[in-house]
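Student: Mind looking over this structure? Questions follow.
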Amino acid sequence: MVNHMLMITADFENIASLQPQGGCDDPNFSYFFKIKCGRCGEVSQKETCVTLNDTVSLHQGKGTSHLIQKCKFCGRDGTVTMIPGKGKPLTQELSEGGKYAPLMLFDFRGYEPEGFVFSGAWNAESIAGTKYEDIDLSGDDFNEYDEKGECPVMISNLRSKFEVVR
């Protein structure tokens, strides 16, 4: 079994932390990414969406998954299962060090992840303690003025990767 940890990082200006709206294990947060078939190598044309709240029963055996999808090219079935409890917010310390924060662990069977799309609602907190909610990062950045801290705040240069976890 090969799991993939979604890792994120960004450049912060006067930001202390960044995470999905309801935290890393938000049951309603949608994760969008493309998937690559493990058999034929075909990459999906559109992003696939999974959330913790949406599960489907597996065709064979017992259990559930968050996605069952058939490759449009070779017809092979694959699944994506989310494993909560492993994610952490991206902090100022990690950002300044150029390090990535773990966001969500995925069990891909028959597929491999190909790129993550920063969409949905995100939360950030400034170094002065001001909370920003419902941030849209689909434009690749966020800019505001923190009146409490009397300074600009910015999130930019969003990056992600999937790391294999054994």
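Scheme for the structure tokens: letters A, B, ... for chains in order shown; per-chain residue numbers from 1; ligand numbers from 1 in order shown.
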Could you build a table of the residues in region 38-109 of chain A lying no more than 8 Å from region 11-18 of chain A, giving for each the nearest pair of atoms and their separation in Å rounded to one decimal place, using only C-alpha atoms, ordered by chain and ascending residue number, as a tab-separated table?
Tutor:
```
residue	atom	partner	partner_atom	distance
A:Pro89	CA	A:Leu18	CA	5.6
A:Leu90	CA	A:Leu18	CA	5.1
A:Thr91	CA	A:Ser17	CA	4.3
A:Gln92	CA	A:Ala16	CA	4.8
A:Ser95	CA	A:Asp11	CA	5.9
A:Glu96	CA	A:Asp11	CA	7.3
```
Student: When DSSP is applied to the backbone of this structure, which of region 17-165 of chain A are assigned alpha helix (DSSP H)? Write them out as a PyMOL selection string.
Tutor: chain A and resi 92-96
Student: May I ask which of the residues A:Glu42, A:Val153, A:Gly115, A:Gly110 is the closest one to Gly129 (chain A), counting only C-alpha atoms?
Tutor: A:Val153
Student: Could you jot down the CA of Glu93 (chain A) to CA of Glu150 (chain A) separation for me, Å, one decimal place?
Tutor: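 Between these atoms lies a distance of 21.1 Å.
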Student: Please list as a CSV table (one decimal) with C-alpha atoms, in the first residue's frame every residue within 12 Å of Ser44 (chain A), counting only C-alpha atoms and excluding residues in the same chain fewer than 2 positions away.
Tutor:
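As a result, part28.csv now contains:
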```
chain,number,residue,atom,x,y,z
A,32,PHE,CA,-9.0,19.0,-6.4
A,33,PHE,CA,-6.2,17.3,-8.3
A,34,LYS,CA,-5.7,15.3,-11.5
A,35,ILE,CA,-5.0,11.6,-11.4
A,36,LYS,CA,-2.8,9.4,-13.5
A,37,CYS,CA,-3.7,5.8,-14.3
A,38,GLY,CA,-1.2,3.3,-12.8
A,40,CYS,CA,-1.6,3.0,-18.9
A,41,GLY,CA,-0.3,6.4,-17.6
A,42,GLU,CA,-3.3,8.4,-18.9
A,46,LYS,CA,-10.3,17.4,-15.6
A,47,GLU,CA,-9.5,17.7,-11.9
A,48,THR,CA,-11.0,15.1,-9.6
A,49,CYS,CA,-12.7,16.3,-6.4
A,69,GLN,CA,-13.2,6.0,-10.9
A,70,LYS,CA,-12.6,4.0,-14.1
A,71,CYS,CA,-9.8,5.1,-16.4
A,72,LYS,CA,-11.3,6.4,-19.6
A,73,PHE,CA,-8.5,5.0,-21.7
A,111,TYR,CA,-3.9,5.9,-9.6
A,112,GLU,CA,-1.3,8.4,-8.8
A,113,PRO,CA,-1.9,12.1,-8.0
A,114,GLU,CA,-0.9,14.8,-10.5
A,115,GLY,CA,-0.9,18.3,-9.1
```
Student: If you measure from CA of Gly87 (chain A) to CA of Arg39 (chain A), what distance in Å do you get, rounded to one decimal?
Tutor: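 Value for the CA of Gly87 (chain A)-CA of Arg39 (chain A) distance: 29.1 Å.
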Student: If you run DSSP on this backbone, which residues of region 2-70 of chain A come out as strand (DSSP E), and could you give them as an NGL selection string?
Tutor: :A and (3-13 or 15-20 or 31-37 or 48-50 or 56-57 or 64-65 or 67-70)
Student: With only C-alpha atoms as the atoms that count, which of A:Cys74, A:Leu6, A:Gln21, A:His66 lies nearest to Asp134 (chain A)?
Tutor: A:Gln21
Student: Using only C-alpha atoms, what does the table of region 115-149 of chain A residues within 7 Å of region 155-162 of chain A look like, with each row giving the shortest atom pair and its distance in Å to one decimal, sorted by chain and ascending number, as JSON lines?
Tutor:
```
{"residue": "A:Gly115", "atom": "CA", "partner": "A:Lys161", "partner_atom": "CA", "distance": 6.8}
{"residue": "A:Phe116", "atom": "CA", "partner": "A:Ser160", "partner_atom": "CA", "distance": 6.4}
{"residue": "A:Asp140", "atom": "CA", "partner": "A:Leu158", "partner_atom": "CA", "distance": 6.1}
{"residue": "A:Asp141", "atom": "CA", "partner": "A:Ser156", "partner_atom": "CA", "distance": 4.4}
{"residue": "A:Phe142", "atom": "CA", "partner": "A:Ile155", "partner_atom": "CA", "distance": 5.0}
{"residue": "A:Asn143", "atom": "CA", "partner": "A:Ile155", "partner_atom": "CA", "distance": 6.7}
```
Student: Have a look at A:Phe106, A:Phe118, A:Tyr145, A:Phe29 and name the one nearest to Ile8 (chain A); count only C-alpha atoms.
Tutor: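 Nearest candidate to Ile8 (chain A) out of A:Phe106, A:Phe118, A:Tyr145, A:Phe29: A:Phe118.
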Student: Show me, as a count of residues only, the residues that have an atom within 7 Å of His4 (chain A) when counting only C-alpha atoms, minus same-chain residues fewer than 3 positions from it.
Tutor: 7
Student: Taking only C-alpha atoms into account, name the residue in A:Ala128, A:Gly85, A:Arg109, A:Gly22 that is nearest to Ser65 (chain A).
Tutor: A:Arg109
Student: Give me, as a compact mmCIF listing (two decimals) with N, CA, C and O atoms, in the first residue's frame, all polymer residues having an atom no more than 10 Å from Thr130 (chain A), counting only C-alpha atoms and skipping those fewer than 5 positions away in the same chain.
Tutor:
```
# COMPACT_ATOMS: atom_id res chain seq x y z
N ILE A 15 1.92 36.80 7.96
CA ILE A 15 0.92 35.74 8.16
C ILE A 15 1.52 34.70 9.09
O ILE A 15 2.67 34.29 8.92
N ALA A 16 0.74 34.27 10.08
CA ALA A 16 1.21 33.27 11.05
C ALA A 16 0.85 31.85 10.62
O ALA A 16 1.61 30.92 10.85
N ALA A 124 -6.71 32.11 7.31
CA ALA A 124 -5.35 32.53 7.65
C ALA A 124 -5.43 33.40 8.90
O ALA A 124 -6.48 33.96 9.21
N GLU A 125 -4.32 33.47 9.61
CA GLU A 125 -4.22 34.34 10.77
C GLU A 125 -2.95 35.16 10.64
O GLU A 125 -1.90 34.63 10.27
N ASP A 146 -3.82 44.59 7.47
CA ASP A 146 -4.17 44.22 8.84
C ASP A 146 -4.21 45.49 9.69
O ASP A 146 -3.16 46.02 10.06
N GLU A 147 -5.42 45.96 9.98
CA GLU A 147 -5.56 47.19 10.75
C GLU A 147 -5.09 47.01 12.19
O GLU A 147 -4.52 47.91 12.78
N LYS A 148 -5.33 45.84 12.74
CA LYS A 148 -4.90 45.55 14.11
C LYS A 148 -3.37 45.61 14.22
O LYS A 148 -2.83 46.19 15.14
N GLY A 149 -2.69 45.00 13.26
CA GLY A 149 -1.23 44.98 13.26
C GLY A 149 -0.60 46.15 12.51
O GLY A 149 0.61 46.33 12.51
```
Student: Excluding Thr64 (chain A) and any residue of its chain fewer than 2 positions from it, enumerate the residues within 10 Å of it, using only C-alpha atoms, and give them as a PyMOL selection string.
Tutor: chain A and resi 54-59+61-62+66-68+79-81
Student: Filtering to N, CA and C atoms, could you give me those residues as a PDB file, in the first residue's frame?
Tutor:
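Printed below is result-v8.pdb as written:
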```
ATOM      1  N   ASP A  54     -17.970  12.806   1.550  1.00  0.00           N
ATOM      2  CA  ASP A  54     -18.521  11.976   0.475  1.00  0.00           C
ATOM      3  C   ASP A  54     -17.779  10.649   0.379  1.00  0.00           C
ATOM      4  N   THR A  55     -18.485   9.559   0.674  1.00  0.00           N
ATOM      5  CA  THR A  55     -17.885   8.232   0.553  1.00  0.00           C
ATOM      6  C   THR A  55     -18.771   7.351  -0.312  1.00  0.00           C
ATOM      7  N   VAL A  56     -18.152   6.335  -0.906  1.00  0.00           N
ATOM      8  CA  VAL A  56     -18.866   5.362  -1.723  1.00  0.00           C
ATOM      9  C   VAL A  56     -18.426   3.972  -1.284  1.00  0.00           C
ATOM     10  N   SER A  57     -19.330   2.998  -1.405  1.00  0.00           N
ATOM     11  CA  SER A  57     -19.011   1.615  -1.058  1.00  0.00           C
ATOM     12  C   SER A  57     -18.135   1.003  -2.137  1.00  0.00           C
ATOM     13  N   LEU A  58     -17.178   0.193  -1.718  1.00  0.00           N
ATOM     14  CA  LEU A  58     -16.293  -0.483  -2.658  1.00  0.00           C
ATOM     15  C   LEU A  58     -17.053  -1.598  -3.365  1.00  0.00           C
ATOM     16  N   HIS A  59     -16.724  -1.828  -4.630  1.00  0.00           N
ATOM     17  CA  HIS A  59     -17.403  -2.848  -5.428  1.00  0.00           C
ATOM     18  C   HIS A  59     -17.175  -4.242  -4.857  1.00  0.00           C
ATOM     19  N   GLY A  61     -15.716  -6.619  -1.689  1.00  0.00           N
ATOM     20  CA  GLY A  61     -15.352  -6.613  -0.277  1.00  0.00           C
ATOM     21  C   GLY A  61     -16.080  -5.550   0.511  1.00  0.00           C
ATOM     22  N   LYS A  62     -15.571  -5.344   1.704  1.00  0.00           N
ATOM     23  CA  LYS A  62     -16.189  -4.382   2.608  1.00  0.00           C
ATOM     24  C   LYS A  62     -15.391  -3.088   2.614  1.00  0.00           C
ATOM     25  N   HIS A  66     -13.394   7.368  -0.897  1.00  0.00           N
ATOM     26  CA  HIS A  66     -13.919   8.695  -1.208  1.00  0.00           C
ATOM     27  C   HIS A  66     -14.114   8.892  -2.704  1.00  0.00           C
ATOM     28  N   LEU A  67     -13.540   7.975  -3.500  1.00  0.00           N
ATOM     29  CA  LEU A  67     -13.712   8.045  -4.949  1.00  0.00           C
ATOM     30  C   LEU A  67     -13.422   6.683  -5.561  1.00  0.00           C
ATOM     31  N   ILE A  68     -14.295   6.253  -6.445  1.00  0.00           N
ATOM     32  CA  ILE A  68     -14.032   5.106  -7.307  1.00  0.00           C
ATOM     33  C   ILE A  68     -14.203   5.628  -8.717  1.00  0.00           C
ATOM     34  N   THR A  79      -9.177   3.723  -6.890  1.00  0.00           N
ATOM     35  CA  THR A  79      -9.847   4.377  -5.764  1.00  0.00           C
ATOM     36  C   THR A  79      -8.927   5.424  -5.134  1.00  0.00           C
ATOM     37  N   VAL A  80      -9.567   6.383  -4.489  1.00  0.00           N
ATOM     38  CA  VAL A  80      -8.859   7.380  -3.692  1.00  0.00           C
ATOM     39  C   VAL A  80      -9.557   7.432  -2.339  1.00  0.00           C
ATOM     40  N   THR A  81      -8.787   7.181  -1.284  1.00  0.00           N
ATOM     41  CA  THR A  81      -9.320   7.222   0.077  1.00  0.00           C
ATOM     42  C   THR A  81      -8.516   8.239   0.879  1.00  0.00           C
TER      43      THR A  81
END
```
